[in-house]
file model_29.cif (mmCIF, C-alpha atoms (C1' of nucleotides))
data_target
loop_
_atom_site.label_atom_id
_atom_site.label_comp_id
_atom_site.auth_asym_id
_atom_site.auth_seq_id
_atom_site.Cartn_x
_atom_site.Cartn_y
_atom_site.Cartn_z
CA MET A 991 23.62 179.67 -133.01
CA LEU A 992 20.22 178.78 -134.39
CA ASP A 993 17.21 180.86 -133.42
CA ASP A 994 14.52 179.10 -131.43
CA ALA A 995 12.28 178.43 -134.42
CA SER A 996 15.04 176.79 -136.47
CA ALA A 997 16.25 174.73 -133.51
CA ARG A 998 12.71 173.58 -132.80
CA ALA A 999 12.24 172.59 -136.43
CA ALA A 1000 15.56 170.70 -136.51
CA VAL A 1001 14.73 168.80 -133.33
CA VAL A 1002 11.22 167.91 -134.47
CA ALA A 1003 12.45 166.74 -137.86
CA ALA A 1004 15.24 164.65 -136.33
CA ALA A 1005 12.97 163.13 -133.70
CA ASP A 1006 10.38 162.37 -136.36
CA ARG A 1007 12.88 160.45 -138.47
CA LEU A 1008 14.16 158.43 -135.53
CA PHE A 1009 10.84 157.78 -133.79
CA TYR A 1010 9.20 156.72 -137.03
CA ALA A 1011 12.01 154.38 -138.04
CA GLN A 1012 12.58 152.70 -134.68
CA GLY A 1013 9.60 153.40 -132.43
CA VAL A 1014 9.57 156.13 -129.79
CA GLN A 1015 10.84 154.20 -126.80
CA SER A 1016 13.70 152.67 -128.73
CA VAL A 1017 15.17 156.13 -129.34
CA GLY A 1018 17.02 157.89 -126.55
CA MET A 1019 17.27 161.64 -126.23
CA ASP A 1020 21.00 161.35 -126.93
CA ALA A 1021 20.17 159.96 -130.36
CA VAL A 1022 17.84 162.89 -130.97
CA ARG A 1023 20.60 165.24 -129.91
CA ASN A 1024 23.09 163.69 -132.32
CA GLU A 1025 20.62 163.59 -135.21
CA ALA A 1026 19.44 167.17 -134.70
CA GLY A 1027 22.79 168.69 -133.80
CA VAL A 1028 21.16 170.57 -130.93
CA SER A 1029 22.40 170.24 -127.36
CA LEU A 1030 20.31 168.44 -124.77
CA LYS A 1031 20.12 171.63 -122.74
CA ARG A 1032 18.60 173.43 -125.69
CA ILE A 1033 16.21 170.57 -126.45
CA TYR A 1034 14.93 170.62 -122.88
CA ALA A 1035 14.56 174.38 -123.04
CA LEU A 1036 12.35 173.97 -126.11
CA PHE A 1037 10.45 170.86 -124.96
CA PRO A 1038 9.86 170.28 -121.25
CA SER A 1039 9.97 166.49 -121.65
CA LYS A 1040 10.30 163.73 -124.19
CA ASP A 1041 6.54 163.34 -124.08
CA ASP A 1042 6.08 166.94 -125.22
CA LEU A 1043 8.53 166.31 -128.03
CA VAL A 1044 6.53 163.28 -129.16
CA VAL A 1045 3.37 165.36 -129.23
CA ALA A 1046 5.14 168.10 -131.21
CA VAL A 1047 6.32 165.48 -133.71
CA LEU A 1048 2.76 164.21 -134.15
CA ARG A 1049 1.37 167.72 -134.63
CA HIS A 1050 4.01 168.30 -137.26
CA ARG A 1051 3.06 165.03 -139.00
CA THR A 1052 -0.57 166.15 -139.04
CA ARG A 1053 0.41 169.29 -140.94
CA ARG A 1054 2.43 167.27 -143.45
CA TRP A 1055 -0.45 164.80 -143.89
CA ASP A 1056 -2.93 167.60 -144.48
CA GLU A 1057 -0.65 169.17 -147.07
CA GLY A 1058 -0.10 165.80 -148.74
CA ILE A 1059 -3.74 164.95 -149.24
CA ALA A 1060 -4.52 168.51 -150.27
CA SER A 1061 -1.78 168.41 -152.88
CA ALA A 1062 -2.91 164.99 -154.15
CA ALA A 1063 -6.44 166.36 -154.46
CA ALA A 1064 -5.33 169.49 -156.30
CA ASP A 1065 -5.56 167.95 -159.75
CA ALA A 1066 -8.95 166.35 -159.21
CA VAL A 1067 -12.03 168.15 -160.44
CA THR A 1068 -14.94 166.38 -158.72
CA PRO A 1069 -15.27 165.80 -154.96
CA ARG A 1070 -15.44 162.07 -155.66
CA GLU A 1071 -12.05 162.23 -157.37
CA ARG A 1072 -10.61 164.34 -154.56
CA LEU A 1073 -11.68 161.67 -152.11
CA LEU A 1074 -10.14 158.91 -154.22
CA ALA A 1075 -6.96 160.97 -154.54
CA VAL A 1076 -6.26 160.00 -150.93
CA PHE A 1077 -5.39 156.53 -152.20
CA ASP A 1078 -3.01 157.92 -154.80
CA PHE A 1079 -1.29 159.82 -152.02
CA LEU A 1080 -1.09 156.60 -150.00
CA ASP A 1081 0.23 154.70 -153.00
CA ALA A 1082 3.16 157.08 -153.41
CA TRP A 1083 3.84 157.03 -149.67
CA PHE A 1084 3.83 153.22 -149.40
CA ARG A 1085 6.51 153.11 -152.08
CA GLU A 1086 8.87 155.38 -150.18
CA ASP A 1087 11.97 153.83 -148.63
CA GLY A 1088 11.52 153.30 -144.93
CA PHE A 1089 7.73 153.34 -145.02
CA ARG A 1090 6.67 151.80 -141.74
CA GLY A 1091 2.95 152.45 -141.44
CA CYS A 1092 1.01 155.29 -139.93
CA ALA A 1093 3.02 157.10 -137.26
CA PHE A 1094 -0.18 157.93 -135.40
CA ILE A 1095 -1.35 154.35 -135.19
CA ASN A 1096 2.14 153.23 -134.20
CA SER A 1097 2.44 155.88 -131.51
CA PHE A 1098 -1.03 155.16 -130.21
CA GLY A 1099 -0.27 151.49 -129.82
CA GLU A 1100 3.01 152.18 -128.11
CA LEU A 1101 2.12 155.15 -125.90
CA GLY A 1102 -1.62 155.74 -126.08
CA ALA A 1103 -2.25 153.86 -122.85
CA THR A 1104 0.43 155.69 -120.87
CA SER A 1105 0.49 159.19 -122.37
CA PRO A 1106 -2.76 161.16 -122.57
CA GLY A 1107 -1.04 163.84 -124.66
CA VAL A 1108 -0.08 161.33 -127.33
CA ALA A 1109 -3.53 159.73 -127.26
CA ASP A 1110 -5.15 163.15 -127.77
CA ALA A 1111 -2.87 164.12 -130.64
CA VAL A 1112 -3.61 160.85 -132.41
CA ARG A 1113 -7.34 161.15 -131.86
CA GLU A 1114 -7.39 164.71 -133.15
CA HIS A 1115 -5.50 163.70 -136.28
CA LYS A 1116 -7.86 160.86 -137.09
CA GLU A 1117 -10.92 162.99 -136.39
CA SER A 1118 -9.60 165.70 -138.67
CA PHE A 1119 -9.14 163.19 -141.49
CA GLN A 1120 -12.64 161.83 -140.96
CA ARG A 1121 -14.03 165.36 -141.16
CA TYR A 1122 -12.09 165.97 -144.39
CA ALA A 1123 -13.62 162.85 -145.93
CA CYS A 1124 -17.12 163.69 -144.72
CA ASP A 1125 -16.88 167.21 -146.17
CA LEU A 1126 -15.85 165.87 -149.58
CA ALA A 1127 -18.58 163.25 -149.49
CA ALA A 1128 -21.15 165.90 -148.62
CA GLU A 1129 -20.03 167.91 -151.65
CA ALA A 1130 -20.64 164.79 -153.70
CA GLY A 1131 -24.09 164.36 -152.18
CA LEU A 1132 -23.05 161.31 -150.16
CA PRO A 1133 -23.80 160.66 -146.47
CA ASP A 1134 -21.15 160.59 -143.73
CA ASP A 1135 -21.52 156.85 -143.40
CA VAL A 1136 -20.12 156.30 -146.89
CA ALA A 1137 -17.25 158.71 -146.25
CA LEU A 1138 -16.37 156.90 -143.03
CA GLN A 1139 -16.43 153.56 -144.85
CA VAL A 1140 -13.84 154.96 -147.25
CA VAL A 1141 -11.80 156.18 -144.28
CA LEU A 1142 -11.78 152.62 -142.90
CA LEU A 1143 -10.23 151.47 -146.16
CA ALA A 1144 -7.52 154.13 -145.93
CA GLU A 1145 -6.70 153.12 -142.36
CA GLY A 1146 -6.65 149.44 -143.19
CA ALA A 1147 -4.44 150.11 -146.20
CA GLN A 1148 -1.85 151.85 -144.04
CA THR A 1149 -1.47 149.04 -141.50
CA THR A 1150 -1.65 146.32 -144.12
CA ALA A 1151 0.94 147.97 -146.34
CA ALA A 1152 3.28 148.36 -143.36
CA ILE A 1153 3.04 144.73 -142.31
CA THR A 1154 2.82 142.89 -145.62
CA GLN A 1155 4.98 145.23 -147.71
CA ASP A 1156 2.53 144.54 -150.53
CA LEU A 1157 2.75 147.42 -153.01
CA GLU A 1158 -0.66 146.63 -154.45
CA VAL A 1159 -2.49 147.62 -151.26
CA ALA A 1160 -3.21 151.26 -152.05
CA ARG A 1161 -4.57 150.44 -155.49
CA ARG A 1162 -6.72 147.68 -154.03
CA ALA A 1163 -8.08 150.06 -151.40
CA ARG A 1164 -8.84 152.56 -154.11
CA ARG A 1165 -10.79 149.97 -156.09
CA ALA A 1166 -12.74 149.09 -152.95
CA ALA A 1167 -13.49 152.76 -152.35
CA GLU A 1168 -14.75 153.12 -155.91
CA ARG A 1169 -17.03 150.13 -155.38
CA ILE A 1170 -18.42 151.70 -152.22
CA LEU A 1171 -18.87 155.13 -153.77
CA ASP A 1172 -20.55 153.73 -156.87
CA VAL A 1173 -23.34 151.94 -155.03
CA PRO A 1174 -26.48 154.03 -155.47
CA THR A 1175 -27.50 155.55 -152.12
CA PRO A 1176 -31.29 155.58 -152.01
CA ALA A 1177 -31.67 158.01 -149.14
CA ALA A 1178 -29.19 160.58 -150.42
CA ALA A 1179 -29.52 163.44 -152.91
CA MET B 110 4.38 123.56 -108.04
CA LEU B 111 2.89 124.00 -111.49
CA ASP B 112 4.01 121.76 -114.30
CA ASP B 113 5.77 123.43 -117.21
CA ALA B 114 2.71 123.61 -119.41
CA SER B 115 0.58 125.32 -116.76
CA ALA B 116 3.35 127.73 -115.83
CA ARG B 117 3.88 128.59 -119.48
CA ALA B 118 0.17 129.21 -119.93
CA ALA B 119 -0.01 131.38 -116.81
CA VAL B 120 2.96 133.48 -117.90
CA VAL B 121 1.68 133.92 -121.43
CA ALA B 122 -1.80 134.89 -120.22
CA ALA B 123 -0.41 137.37 -117.68
CA ALA B 124 2.03 138.89 -120.17
CA ASP B 125 -0.73 139.14 -122.74
CA ARG B 126 -2.97 141.10 -120.36
CA LEU B 127 -0.19 143.49 -119.36
CA PHE B 128 1.40 143.97 -122.78
CA TYR B 129 -1.96 144.58 -124.41
CA ALA B 130 -3.12 147.06 -121.79
CA GLN B 131 0.07 149.10 -121.51
CA GLY B 132 2.31 148.32 -124.46
CA VAL B 133 5.20 145.86 -124.31
CA GLN B 134 8.02 148.17 -123.33
CA SER B 135 6.01 149.79 -120.56
CA VAL B 136 5.75 146.45 -118.76
CA GLY B 137 8.75 145.14 -116.83
CA MET B 138 9.43 141.48 -116.26
CA ASP B 139 8.78 142.06 -112.56
CA ALA B 140 5.22 143.03 -113.40
CA VAL B 141 4.83 139.84 -115.44
CA ARG B 142 6.18 137.87 -112.51
CA ASN B 143 3.67 139.43 -110.11
CA GLU B 144 0.73 139.03 -112.48
CA ALA B 145 1.54 135.43 -113.33
CA GLY B 146 2.64 134.32 -109.88
CA VAL B 147 5.64 132.56 -111.42
CA SER B 148 9.20 133.33 -110.35
CA LEU B 149 11.58 135.14 -112.67
CA LYS B 150 13.89 132.14 -112.60
CA ARG B 151 11.07 129.95 -113.85
CA ILE B 152 10.01 132.46 -116.48
CA TYR B 153 13.54 132.62 -117.87
CA ALA B 154 13.71 128.83 -117.86
CA LEU B 155 10.56 128.76 -120.01
CA PHE B 156 11.40 131.77 -122.23
CA PRO B 157 15.02 132.63 -122.98
CA SER B 158 14.28 136.34 -123.22
CA LYS B 159 11.51 138.89 -123.07
CA ASP B 160 11.50 138.93 -126.84
CA ASP B 161 10.68 135.22 -126.93
CA LEU B 162 7.87 135.83 -124.46
CA VAL B 163 6.42 138.53 -126.69
CA VAL B 164 6.48 136.15 -129.65
CA ALA B 165 4.80 133.43 -127.56
CA VAL B 166 2.09 135.91 -126.57
CA LEU B 167 1.47 136.79 -130.20
CA ARG B 168 1.30 133.13 -131.24
CA HIS B 169 -1.23 132.56 -128.47
CA ARG B 170 -3.27 135.54 -129.68
CA THR B 171 -3.29 134.08 -133.18
CA ARG B 172 -4.87 130.90 -131.86
CA ARG B 173 -7.52 132.86 -129.96
CA TRP B 174 -8.25 134.98 -133.02
CA ASP B 175 -8.62 131.91 -135.22
CA GLU B 176 -11.00 130.34 -132.71
CA GLY B 177 -12.98 133.58 -132.43
CA ILE B 178 -13.63 134.02 -136.11
CA ALA B 179 -14.34 130.31 -136.54
CA SER B 180 -16.89 130.43 -133.73
CA ALA B 181 -18.49 133.59 -135.14
CA ALA B 182 -18.75 131.86 -138.52
CA ALA B 183 -20.25 128.69 -137.07
CA ASP B 184 -23.86 129.86 -137.32
CA ALA B 185 -23.53 131.18 -140.86
CA VAL B 186 -24.66 128.99 -143.71
CA THR B 187 -23.15 130.60 -146.82
CA PRO B 188 -19.48 131.51 -147.33
CA ARG B 189 -20.55 135.13 -147.82
CA GLU B 190 -22.15 135.13 -144.38
CA ARG B 191 -19.13 133.43 -142.85
CA LEU B 192 -16.96 136.22 -144.23
CA LEU B 193 -19.29 138.89 -142.91
CA ALA B 194 -19.34 137.15 -139.53
CA VAL B 195 -15.82 138.51 -139.03
CA PHE B 196 -17.40 141.90 -138.45
CA ASP B 197 -19.81 140.52 -135.87
CA PHE B 198 -16.81 139.07 -134.07
CA LEU B 199 -15.11 142.47 -134.24
CA ASP B 200 -18.26 144.20 -133.01
CA ALA B 201 -18.37 142.08 -129.86
CA TRP B 202 -14.63 142.54 -129.31
CA PHE B 203 -14.73 146.33 -129.69
CA ARG B 204 -17.35 146.47 -126.94
CA GLU B 205 -15.19 144.63 -124.42
CA ASP B 206 -13.72 146.61 -121.55
CA GLY B 207 -10.12 147.45 -122.17
CA PHE B 208 -10.28 147.03 -125.95
CA ARG B 209 -7.18 148.77 -127.24
CA GLY B 210 -6.91 147.78 -130.88
CA CYS B 211 -5.17 144.91 -132.59
CA ALA B 212 -2.30 143.56 -130.50
CA PHE B 213 -0.44 142.60 -133.67
CA ILE B 214 -0.60 146.06 -135.18
CA ASN B 215 0.37 147.61 -131.84
CA SER B 216 3.30 145.25 -131.38
CA PHE B 217 4.44 145.75 -134.95
CA GLY B 218 4.49 149.51 -134.53
CA GLU B 219 6.35 149.30 -131.26
CA LEU B 220 8.81 146.47 -131.94
CA GLY B 221 8.60 145.51 -135.60
CA ALA B 222 11.63 147.60 -136.49
CA THR B 223 13.84 146.25 -133.72
CA SER B 224 12.67 142.64 -133.29
CA PRO B 225 12.58 140.35 -136.34
CA GLY B 226 10.79 137.67 -134.32
CA VAL B 227 7.93 140.00 -133.51
CA ALA B 228 7.76 141.25 -137.09
CA ASP B 229 7.55 137.68 -138.36
CA ALA B 230 4.83 136.65 -135.91
CA VAL B 231 2.75 139.67 -136.91
CA ARG B 232 3.23 139.05 -140.60
CA GLU B 233 2.29 135.40 -140.28
CA HIS B 234 -0.86 136.29 -138.39
CA LYS B 235 -2.00 138.79 -140.99
CA GLU B 236 -1.17 136.45 -143.86
CA SER B 237 -3.16 133.69 -142.20
CA PHE B 238 -6.19 135.95 -141.90
CA GLN B 239 -5.86 137.01 -145.52
CA ARG B 240 -5.77 133.35 -146.56
CA TYR B 241 -8.87 132.64 -144.48
CA ALA B 242 -10.74 135.44 -146.26
CA CYS B 243 -9.53 134.38 -149.68
CA ASP B 244 -10.64 130.78 -149.06
CA LEU B 245 -14.12 131.89 -148.07
CA ALA B 246 -14.34 134.22 -151.03
CA ALA B 247 -13.28 131.43 -153.35
CA GLU B 248 -16.07 129.27 -151.95
CA ALA B 249 -18.45 132.09 -152.79
CA GLY B 250 -17.03 132.33 -156.29
CA LEU B 251 -15.29 135.64 -155.64
CA PRO B 252 -11.70 136.59 -156.54
CA ASP B 253 -8.92 137.15 -154.01
CA ASP B 254 -8.95 140.86 -154.74
CA VAL B 255 -12.44 141.20 -153.30
CA ALA B 256 -11.54 139.16 -150.22
CA LEU B 257 -8.49 141.35 -149.62
CA GLN B 258 -10.61 144.46 -149.94
CA VAL B 259 -12.80 143.10 -147.16
CA VAL B 260 -9.69 142.39 -145.11
CA LEU B 261 -8.65 146.03 -145.47
CA LEU B 262 -11.99 147.01 -143.93
CA ALA B 263 -11.43 144.68 -140.99
CA GLU B 264 -7.96 146.09 -140.39
CA GLY B 265 -9.15 149.67 -140.66
CA ALA B 266 -12.02 148.93 -138.30
CA GLN B 267 -9.64 147.66 -135.62
CA THR B 268 -7.39 150.72 -135.59
CA THR B 269 -10.26 153.16 -135.93
CA ALA B 270 -12.24 151.56 -133.13
CA ALA B 271 -9.20 151.68 -130.87
CA ILE B 272 -8.50 155.34 -131.48
CA THR B 273 -11.98 156.84 -131.78
CA GLN B 274 -13.79 154.52 -129.35
CA ASP B 275 -16.73 154.70 -131.76
CA LEU B 276 -18.91 151.63 -131.19
CA GLU B 277 -20.49 151.96 -134.62
CA VAL B 278 -17.26 151.11 -136.45
CA ALA B 279 -17.72 147.35 -136.78
CA ARG B 280 -21.24 147.71 -138.13
CA ARG B 281 -20.10 150.38 -140.56
CA ALA B 282 -17.28 148.12 -141.76
CA ARG B 283 -19.77 145.31 -142.20
CA ARG B 284 -22.03 147.51 -144.32
CA ALA B 285 -19.03 148.49 -146.44
CA ALA B 286 -18.08 144.83 -146.87
CA GLU B 287 -21.63 144.03 -147.98
CA ARG B 288 -21.44 146.81 -150.54
CA ILE B 289 -18.17 145.42 -151.87
CA LEU B 290 -19.40 141.83 -151.96
CA ASP B 291 -22.65 142.78 -153.67
CA VAL B 292 -21.07 144.46 -156.67
CA PRO B 293 -21.39 142.05 -159.58
CA THR B 294 -17.95 140.73 -160.58
CA PRO B 295 -17.97 140.34 -164.35
CA ALA B 296 -14.90 138.13 -164.60
CA ALA B 297 -15.89 135.71 -161.87
CA ALA B 298 -18.03 132.53 -161.85
"C1'" DC C 733 16.01 111.81 -88.42
"C1'" DG C 734 19.60 114.18 -91.49
"C1'" DG C 735 21.73 115.44 -95.74
"C1'" DC C 736 20.56 116.73 -100.49
"C1'" DT C 737 18.20 118.57 -104.47
"C1'" DG C 738 15.64 121.89 -106.76
"C1'" DG C 739 12.73 125.52 -107.06
"C1'" DG C 740 10.87 130.23 -105.05
"C1'" DA C 741 11.73 134.93 -103.64
"C1'" DG C 742 13.88 138.72 -104.38
"C1'" DA C 743 18.50 141.09 -104.10
"C1'" DA C 744 22.11 142.26 -107.19
"C1'" DC C 745 24.34 143.62 -111.53
"C1'" DG C 746 25.30 145.89 -115.71
"C1'" DG C 747 23.39 148.83 -118.85
"C1'" DT C 748 20.44 152.41 -120.53
"C1'" DC C 749 17.34 156.27 -120.32
"C1'" DG C 750 15.33 160.79 -119.18
"C1'" DT C 751 16.83 164.70 -117.06
"C1'" DT C 752 20.03 167.95 -114.84
"C1'" DC C 753 24.46 169.92 -113.75
"C1'" DT C 754 29.14 171.45 -114.42
"C1'" DC C 755 32.75 173.11 -116.90
"C1'" DT C 756 34.41 175.66 -120.52
"C1'" DC C 757 34.71 179.27 -123.61
"C1'" DA C 758 33.15 182.68 -127.36
"C1'" DG C 759 31.37 187.09 -127.66
"C1'" DT C 760 30.13 191.60 -125.61
"C1'" DG C 761 30.35 196.09 -122.87
"C1'" DG C 762 33.33 198.97 -120.22
"C1'" DC D 448 42.37 194.14 -121.93
"C1'" DC D 449 39.03 192.19 -118.55
"C1'" DA D 450 34.86 190.79 -116.11
"C1'" DC D 451 30.40 188.77 -117.39
"C1'" DT D 452 26.70 186.52 -119.64
"C1'" DG D 453 24.92 182.68 -121.95
"C1'" DA D 454 25.17 178.72 -124.60
"C1'" DG D 455 27.34 174.11 -125.98
"C1'" DA D 456 29.29 169.63 -124.84
"C1'" DG D 457 29.06 166.02 -122.38
"C1'" DA D 458 29.63 164.05 -117.64
"C1'" DA D 459 26.73 162.92 -113.87
"C1'" DC D 460 22.59 161.38 -111.45
"C1'" DG D 461 18.79 158.69 -110.14
"C1'" DA D 462 15.61 155.50 -111.68
"C1'" DC D 463 14.40 151.49 -114.01
"C1'" DC D 464 14.84 147.27 -116.81
"C1'" DG D 465 16.34 142.71 -118.47
"C1'" DT D 466 18.84 139.16 -116.73
"C1'" DT D 467 21.43 136.46 -113.34
"C1'" DC D 468 22.76 135.05 -108.78
"C1'" DT D 469 22.36 134.01 -103.95
"C1'" DC D 470 20.07 132.51 -100.16
"C1'" DC D 471 16.65 129.73 -98.11
"C1'" DC D 472 13.48 126.20 -97.34
"C1'" DA D 473 10.25 122.23 -98.62
"C1'" DG D 474 10.22 117.65 -99.71
"C1'" DC D 475 12.41 113.30 -100.78
"C1'" DC D 476 15.99 109.29 -100.12
"C1'" DG D 477 19.07 106.82 -96.94
#
call {"tool": "encode", "arguments": {"input": "model_29.cif", "output": "structure tokens"}}
result
Amino acid sequence: MLDDASARAAVVAAADRLFYAQGVQSVGMDAVRNEAGVSLKRIYALFPSKDDLVVAVLRHRTRRWDEGIASAAADAVTPRERLLAVFDFLDAWFREDGFRGCAFINSFGELGATSPGVADAVREHKESFQRYACDLAAEAGLPDDVALQVVLLAEGAQTTAAITQDLEVARRARRAAERILDVPTPAAA
Amino acid sequence: MLDDASARAAVVAAADRLFYAQGVQSVGMDAVRNEAGVSLKRIYALFPSKDDLVVAVLRHRTRRWDEGIASAAADAVTPRERLLAVFDFLDAWFREDGFRGCAFINSFGELGATSPGVADAVREHKESFQRYACDLAAEAGLPDDVALQVVLLAEGAQTTAAITQDLEVARRARRAAERILDVPTPAAA
DNA sequence: CGGCTGGGAGAACGGTCGTTCTCTCAGTGG
DNA sequence: CCACTGAGAGAACGACCGTTCTCCCAGCCG
């Protein structure tokens, strides 16, 4: 038998794959059970309800997102380049098989109105990303407003790439971000 | 009794309100029946399935969107201002009670993977908006790439406004669009 | 006025989903 | 070897949903 931590991880990973590919409400708990190889009894011992499982999946995605942008930024030397590295991370992600947009945006649209837990998890994720961008911009001597403009581009790139399947989107968003960052900001510095 | 056209319109309007507020799968056909005041038998005579109703709702939303951005652009004199008017339209929309993001993005996340009809309707809507932006940009002597960068801002603004409830988002997106449009484009004109 | 059509209301049906329960059995302590 | 605990597998349960069907009555034609 798996210990609790391994079972939890297997269930979250399985649910993540299924929810992301098909939408949360299209996936029954039986499907999660089959994909994870963990009995329903065990799943319900680890997560009191499907809603809690969805929230756990989102928290797990937040960790993977944070690691992804940190790793993409690792090679960059200036804060400006670390900010732009977000778009390189997006570019690689958009090219993955089965890319279907931002799981947080998708979950918010599907469940945000009916599940406060999901809405909170999504909000916290987006706020954390905004803070990350603002911190980098501050290092570069740029105001929050510019950082948040770049964040808008990243968000728009994710939904647009999902819907249009256009592989150019991330590069285009990066060019737009460069344009925004390169405008001289009179009030800053 | 209502004629077919009026019944259709009532059902689509009712379904639109409910689907947008709660997500499609959280709304049963009984709820649509009650909201529209049209019997289930009649609804199924007008729409073969719930899926067809969802598509009809999205097509209706496309018409309203097109009218909205056209009306916001009506007062503008230059193509550049007509393009930026999109963000004034978004600003007014984000301030409405019950604003919950872009219905197309929400529907795509929830149903795009399981309903080809929904996926197509969403794709067509987004492509139509991209074409609108490219046409205006062309009038202003700007390349498609710049227009599509502005579109990314509009898309990002919609999801960000929905999740963060920040009323500043549309104005910030507009400022970003101005920055992008004001960069001299060496290859153009 | 009386039979008929056609549409409204909502019950009914088959299926599915989230959640719980039962049955079975492997592994352990005496 | 035997009683016992605890976990797995999956049946079962109650609720709900999309769709269809039945019943009933209003309004028209003879």
call {"tool": "interface_residues", "arguments": {"input": "model_29.cif", "of": "chain C", "to": "chain B", "cutoff": "9 Å", "atoms": "only C-alpha atoms (C1' of nucleotides)", "output": "list in words"}}
result
DG739, DG740 and DA741 of chain C
call {"tool": "resolve_selection", "arguments": {"input": "model_29.cif", "expression": "the PyMOL selection byres ((chain D) within 10 of (chain B))", "output": "list in words"}}
result
DC463, DC464, DG465, DT466 and DT467 of chain D
call {"tool": "atom_distance", "arguments": {"input": "model_29.cif", "atom1": "atom CA of B:Arg288", "atom2": "atom CA of A:Glu1158"}}
result
21.1 Å
call {"tool": "closest_residue", "arguments": {"input": "model_29.cif", "among": "B:Val186, B:Ala114, B:Ala249, B:Ala212", "to": "chain A", "atoms": "all atoms listed in the file"}}
result
B:Ala212
call {"tool": "resolve_selection", "arguments": {"input": "model_29.cif", "expression": "the PyMOL selection byres ((chain B) within 8 of (chain A))", "output": "ChimeraX atom specification"}}
result
/B:130-134,209-210,214-220,222-223,228,231-232,235-236,254-255,257-258,260-266,268-269,272-273,281-282,285,288-289,292
call {"tool": "axis_aligned_box", "arguments": {"input": "model_29.cif", "around": "stretch 1072-1080 of chain A", "padding_each_side": "8 Å", "output": "JSON"}}
result
{"center_x": -6.4, "center_y": 160.4, "center_z": -152.4, "size_x": 26.6, "size_y": 23.8, "size_z": 20.8}
call {"tool": "resolve_selection", "arguments": {"input": "model_29.cif", "expression": "the PyMOL selection byres ((chain D and resi 461) around 12)", "output": "list in words"}}
result
DC749, DG750, DT751 and DT752 of chain C; DA459, DC460, DA462 and DC463 of chain D
call {"tool": "write_last_selection", "arguments": {"input": "model_29.cif", "atoms": "C-alpha atoms (C1' of nucleotides)", "output": "PDB file, keeping the file's coordinate frame"}}
result
ATOM      1  C1'  DC C 749      17.340 156.270-120.320  1.00  0.00           C
ATOM      2  C1'  DG C 750      15.330 160.790-119.180  1.00  0.00           C
ATOM      3  C1'  DT C 751      16.830 164.700-117.060  1.00  0.00           C
ATOM      4  C1'  DT C 752      20.030 167.950-114.840  1.00  0.00           C
TER       5       DT C 752
ATOM      6  C1'  DA D 459      26.730 162.920-113.870  1.00  0.00           C
ATOM      7  C1'  DC D 460      22.590 161.380-111.450  1.00  0.00           C
ATOM      8  C1'  DA D 462      15.610 155.500-111.680  1.00  0.00           C
ATOM      9  C1'  DC D 463      14.400 151.490-114.010  1.00  0.00           C
TER      10       DC D 463
END
call {"tool": "residues_around", "arguments": {"input": "model_29.cif", "residues": "D:DC475", "least_positions_apart": "6", "cutoff": "12 Å", "atoms": "only C-alpha atoms (C1' of nucleotides)", "output": "PyMOL selection string"}}
result
chain C and resi 734-738
call {"tool": "atom_distance", "arguments": {"input": "model_29.cif", "atom1": "atom CA of B:Phe198", "atom2": "atom CA of B:Ala119"}}
result
25.3 Å
call {"tool": "atom_distance", "arguments": {"input": "model_29.cif", "atom1": "atom CA of A:Asp1006", "atom2": "atom CA of A:Arg1051"}}
result
8.2 Å
call {"tool": "residues_near_point", "arguments": {"input": "model_29.cif", "point": "(23.7, 135.6, -104.7)", "cutoff": "12 Å", "atoms": "all atoms listed in the file", "output": "PyMOL selection string"}}
result
(chain C and resi 742-745) or (chain D and resi 467-471)
call {"tool": "write_last_selection", "arguments": {"input": "model_29.cif", "atoms": "C-alpha atoms (C1' of nucleotides)", "output": "CSV table (one decimal), in the coordinates of the input"}}
result
chain,number,residue,atom,x,y,z
C,742,DG,C1',13.9,138.7,-104.4
C,743,DA,C1',18.5,141.1,-104.1
C,744,DA,C1',22.1,142.3,-107.2
C,745,DC,C1',24.3,143.6,-111.5
D,467,DT,C1',21.4,136.5,-113.3
D,468,DC,C1',22.8,135.0,-108.8
D,469,DT,C1',22.4,134.0,-104.0
D,470,DC,C1',20.1,132.5,-100.2
D,471,DC,C1',16.6,129.7,-98.1
call {"tool": "residues_around", "arguments": {"input": "model_29.cif", "residues": "stretch 757-762 of chain C", "least_positions_apart": "2", "cutoff": "12 Å", "atoms": "only C-alpha atoms (C1' of nucleotides)", "output": "short mmCIF file (atom, residue, chain, number, x, y, z; two decimals) with C-alpha atoms (C1' of nucleotides), in the frame of the given file"}}
result
data_model
loop_
_atom_site.label_atom_id
_atom_site.label_comp_id
_atom_site.auth_asym_id
_atom_site.auth_seq_id
_atom_site.Cartn_x
_atom_site.Cartn_y
_atom_site.Cartn_z
CA MET A 991 23.62 179.67 -133.01
"C1'" DC C 755 32.75 173.11 -116.90
"C1'" DC D 448 42.37 194.14 -121.93
"C1'" DC D 449 39.03 192.19 -118.55
"C1'" DA D 450 34.86 190.79 -116.11
"C1'" DC D 451 30.40 188.77 -117.39
"C1'" DT D 452 26.70 186.52 -119.64
"C1'" DG D 453 24.92 182.68 -121.95
"C1'" DA D 454 25.17 178.72 -124.60
"C1'" DG D 455 27.34 174.11 -125.98
"C1'" DA D 456 29.29 169.63 -124.84
#
